[in-house]
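Engineer: Below you will find the structure I want to go over with you.
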Amino acid sequence: QLPTQRFKRHATAVMLAYTAVHIGLFALTYIELKSLEKEVDNLAVIGTAAVMSTEVAVYTRALNILYAGMGVASLRRLTGEQDIPNVKQHLIDSVAAFEEHHREVYLGASGNNPHMPRTHGLADLWDEPSLPTTTFADIPFDQAAGNFTRANLYLE
């Protein structure tokens, strides 16, 4: 009876250890998924801002067409001057939505830290007084020179 009790204790200990490891791994997986959920939400906001910027461009062009008197009877919202108030309102709504999402993504106006990590350098556009730049200059090109000579001109 002693070996069976020892086996039972060992089996119970293994099952408890197995359960503890699974709970720990579940917690780690849950934490990782929560961080990915935030990134997916950020991506959705970025996508919405991109869509709104495109709508702003489209409605601006539509207003240009309508003010120029080049409306087309077969196109919805572009038939003529009577569509101008409707297109203006859509433009105003699109600009407001774009501004809201743009501020949330790049400027962190949602009350959180800016969503764009500092490692990408995008936050530096707003935070730093100056940014490093690279200046390229033309060099004289001699058609008769060989490749080695031309390559050395870039190193000087």
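Naming scheme: A, B, ... for chains in displayed order of the structure tokens; residues 1 onward per chain; ligands 1 onward as shown.
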Taking 5 positions as the minimum chain separation for residues in the same chain, which residues sit within 10 Å of Val56 of chain A when counting only C-alpha atoms? Answer as a tab-separated table (two decimals) with N, CA, C and O atoms, in the first residue's frame.

Structural biologist:
chain	number	residue	atom	x	y	z
A	50	ALA	N	-6.04	57.64	-41.97
A	50	ALA	CA	-5.67	57.59	-43.39
A	50	ALA	C	-6.90	57.66	-44.28
A	50	ALA	O	-6.90	58.36	-45.30
A	51	VAL	N	-7.95	56.94	-43.91
A	51	VAL	CA	-9.19	56.98	-44.69
A	51	VAL	C	-9.78	58.40	-44.68
A	51	VAL	O	-10.22	58.91	-45.72
A	61	ARG	N	-11.78	67.96	-53.81
A	61	ARG	CA	-11.84	67.90	-55.28
A	61	ARG	C	-13.28	68.01	-55.77
A	61	ARG	O	-13.56	68.67	-56.79
A	62	ALA	N	-14.22	67.38	-55.05
A	62	ALA	CA	-15.63	67.47	-55.44
A	62	ALA	C	-16.11	68.92	-55.36
A	62	ALA	O	-16.84	69.39	-56.26
A	90	HIS	N	-19.99	67.12	-45.58
A	90	HIS	CA	-19.16	65.90	-45.57
A	90	HIS	C	-17.69	66.25	-45.40
A	90	HIS	O	-16.95	65.55	-44.69
A	91	LEU	N	-17.25	67.32	-46.04
A	91	LEU	CA	-15.86	67.76	-45.90
A	91	LEU	C	-15.57	68.19	-44.47
A	91	LEU	O	-14.54	67.81	-43.90
A	92	ILE	N	-16.46	68.95	-43.87
A	92	ILE	CA	-16.28	69.39	-42.49
A	92	ILE	C	-16.20	68.19	-41.55
A	92	ILE	O	-15.34	68.12	-40.67
A	93	ASP	N	-17.10	67.22	-41.75
A	93	ASP	CA	-17.10	66.01	-40.91
A	93	ASP	C	-15.81	65.21	-41.08
A	93	ASP	O	-15.24	64.71	-40.11
A	94	SER	N	-15.36	65.09	-42.32
A	94	SER	CA	-14.13	64.33	-42.59
A	94	SER	C	-12.91	65.01	-41.99
A	94	SER	O	-12.03	64.35	-41.44
A	95	VAL	N	-12.85	66.34	-42.09
A	95	VAL	CA	-11.72	67.07	-41.51
A	95	VAL	C	-11.72	66.91	-40.00
A	95	VAL	O	-10.66	66.69	-39.38
A	96	ALA	N	-12.89	67.00	-39.37
A	96	ALA	CA	-12.97	66.85	-37.92
A	96	ALA	C	-12.54	65.45	-37.48
A	96	ALA	O	-11.79	65.29	-36.51
A	97	ALA	N	-13.00	64.43	-38.20
A	97	ALA	CA	-12.62	63.06	-37.87
A	97	ALA	C	-11.13	62.83	-38.08
A	97	ALA	O	-10.45	62.19	-37.26
A	98	PHE	N	-10.60	63.37	-39.19
A	98	PHE	CA	-9.16	63.22	-39.44
A	98	PHE	C	-8.35	63.90	-38.34
A	98	PHE	O	-7.39	63.34	-37.83

Engineer: Tell me, in Å to one decimal, how far atom CA of Val58 of chain A is from atom CA of Glu81 of chain A.

Structural biologist: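 It comes out at 16.9 Å.
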
Engineer: Which residues, written as a list in words, have at least one atom at most 10 Å from Val45 of chain A, with only C-alpha atoms counted and residues fewer than 2 positions away on the same chain left out?

Structural biologist: Glu39, Val40, Asp41, Asn42, Leu43, Gly47, Thr48, Ala49, Ala50, Val51, Phe98, Glu100, His101, His102, Glu104 and Val105 of chain A
